[in-house]
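In what follows, a structure is listed as structure tokens, so that the remarks can point back to it.
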Amino acid sequence: MTTTQYSDVSEIDLNDISLWTTDPHPALHYLREHDPVHWYEADPANPFANHSFWMLTRHSDIVHVSRHPELFSSAQGISEATLDMPTGEFDTFAMLAADDPYHGWMRKLVSAAFTAKLIRDSEPYIRESTIAVLDEVAGRRDTFNFVHEVSAKVPIRVIGDILGVPRSDQHLLTEWTDAVSDLDDLTIDFERGTAHSAKAKAAVADMFAYLERMQQLRADSPTEDLVSKLMGAEIEGERLSWQQQRESFFILATAGNETTRNTTTAGVRALAEHPDQRRELIEDPRLIKDAVEEMLRWGTVVSHFRRTATQDTVVGGKRIAKGDWVVMYYSAANRDPSVFPDPDRFDIHRKPTEHLAFGGGGPHFCLGAPLARLQLRVMFEELLKRFPDYRLDGEAVFNQSNFFHGIKYLPVRLHPE
Ligand code: HEM
């Protein structure tokens, strides 16, 4: 674990996007070792730091916060940054940013699309979609961006079908969620203390205009998809508001898409860099299931979520006051050496059952985890069968985001020279 470039925790700013476009782990390790429950002082001129908060980097503290929703609320926001976006779009991820009873109602409603049986039954369809995507690139002899051509395509098809977005329009979902997860046109207004991405703002507006058209089409003739279900759903006799439906659509489009894609890409990169482990998976594909868990841990693509303390309490020996923001860095928890020995080492034999890539447990634990695991297993089974000798042909480029810690560009060649 390298932490040598730091000599004091005050040198570390986890809000700084540039930290996440390289390797954030030296900073995360340093914080965990020197001040695992660290008070980050606000800088009013910096829109990514205009509120003070606690930075949590230890596995046990993050599990504690996640599993005590009565002490740590989600309803007052789940992100630590402030973006100048249309009100509510970014810090109100529907059920993610809600407490019970509303959270429980919304979760029950959306869970109908994710029952264990439905997920199990979807394996042939996911395999068929994966093979179709791999077929499209099979003949390529050049170097291409694996993220756009492969990783992004299966998750968007699966979530697009669940939502009811026709296949011919599903590329739009990719464009909109890309714009939100890679803020490469971000402009920061230090006088007003705001940050603005014109591209992301336009994408969100387009996404909701599209949803409105889907709803108009379904108003008279409902279909079986999730958009129809959201329109017809009632909570205590009341229909969901337009805003609640938009938030549910937005969270599913992004949560089910960017995350699975980024984990696929992280896994493809890790296996290219660890050819001996790749060889083992090719020789015994039954190992892929556990290897996927290591990819989830090692890649940790959702870097953090926030909670707000509902009363005075204590975390890791520090006194937390009612109203304080508490940010859980899953990326740090998943490299905590007290849980994962030699944590920076990628090891498909690790069986990291306690990783927090899907959250620290508790009521918000990722609803799509079984679906994501299935997609990832099928992807690596098919990829390694078809292209066992793929290799990287250049450096990975990370998203401009301190939230979706993902790769947007991974140059790959599928066939040996
Ligand atoms: C590798 C893929 C994925 C990762 C790493 C991931 C990660 C996460 C994380 C960290 C949370 C928050 C947990 C918490 O606050 O305790 C979450 C929540 C959620 N995820 Fe995922 N996710 C993935 C795939 C998916 C998929 C495929 C879907 C759906 C299609 C999905 C839907 C959701 C939903 C709806 C929530 C909110 C649950 C709630 O608030 O009750 N996720 N996910």
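Ligands are numbered from 1 in the order shown, chains are lettered A, B, ... in the order of the structure tokens, and residues start at 1 in each chain.
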
Exercise for the section: Produce as an MDAnalysis selection string the set of residues near ligand 1, where near means within 6 Å with only C-alpha atoms and all ligand atoms considered. Expected result: chainID A and resid 66 95:96 107 159 252 255:256 259:260 263 301:302 357:361 363:369 371:372

Any chance you could tabulate, as CSV, the residues of segment 297-319 of chain A at most 9 Å from segment 56-65 of chain A with each one's nearest atom pair and distance in Å to one decimal, using only C-alpha atoms, in chain and rising number order?
residue,atom,partner,partner_atom,distance
A:Arg307,CA,A:Val65,CA,8.0
A:Val315,CA,A:Asp61,CA,6.5
A:Gly316,CA,A:Asp61,CA,6.2

Exercise for the section: Just list the residues in segment 213-381 of chain A DSSP gives strand (DSSP E or B) on the backbone, as a list in words. Expected result: Glu234, Ile235, Glu238, Arg239, Val302, His304, Phe305, Arg306, Arg307, Thr308, Ala309, Thr313, Val314, Val315, Lys318, Arg319, Ile320, Trp325, Val326, Val327, Met328 and Tyr329 of chain A

For those residues, write C-alpha atoms to a file as a PDB file, in the first residue's frame.
ATOM      1  CA  GLU A 234     -50.237   3.905  -5.906  1.00  0.00           C
ATOM      2  CA  ILE A 235     -48.792   4.628  -2.503  1.00  0.00           C
ATOM      3  CA  GLU A 238     -52.139   8.172  -4.263  1.00  0.00           C
ATOM      4  CA  ARG A 239     -50.484   7.940  -7.645  1.00  0.00           C
ATOM      5  CA  VAL A 302     -19.580   3.660  -6.909  1.00  0.00           C
ATOM      6  CA  HIS A 304     -19.314   6.852  -2.078  1.00  0.00           C
ATOM      7  CA  PHE A 305     -22.739   7.698  -0.732  1.00  0.00           C
ATOM      8  CA  ARG A 306     -23.727  10.144   1.985  1.00  0.00           C
ATOM      9  CA  ARG A 307     -25.998  10.046   5.021  1.00  0.00           C
ATOM     10  CA  THR A 308     -27.019  12.742   7.540  1.00  0.00           C
ATOM     11  CA  ALA A 309     -26.953  12.107  11.316  1.00  0.00           C
ATOM     12  CA  THR A 313     -23.943   9.794  18.017  1.00  0.00           C
ATOM     13  CA  VAL A 314     -20.475   8.265  17.845  1.00  0.00           C
ATOM     14  CA  VAL A 315     -18.667   6.658  14.891  1.00  0.00           C
ATOM     15  CA  LYS A 318     -15.555  10.399  17.077  1.00  0.00           C
ATOM     16  CA  ARG A 319     -18.562  12.446  18.222  1.00  0.00           C
ATOM     17  CA  ILE A 320     -20.942  13.101  15.341  1.00  0.00           C
ATOM     18  CA  TRP A 325     -22.986  14.897   6.878  1.00  0.00           C
ATOM     19  CA  VAL A 326     -21.300  11.487   6.860  1.00  0.00           C
ATOM     20  CA  VAL A 327     -19.774  10.240   3.593  1.00  0.00           C
ATOM     21  CA  MET A 328     -18.972   6.540   3.234  1.00  0.00           C
ATOM     22  CA  TYR A 329     -16.105   5.805   0.855  1.00  0.00           C
TER      23      TYR A 329
END

Exercise for the section: Find the residues near Leu356 of chain A: any atom within 8 Å, counting only C-alpha atoms, skip ones fewer than 6 places away on the same chain, and give them as number ranges by chain. Expected result: A: 297, 330, 333-334

Problem - Within 8 Å of Pro343 of chain A using only C-alpha atoms, minus same-chain residues under 5 positions, as a PyMOL selection string - result: chain A and resi 1+334-337

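With atom CA of Arg261 of chain A on one side and atom CA of Ala27 of chain A on the other, the separation reads 25.1 Å.
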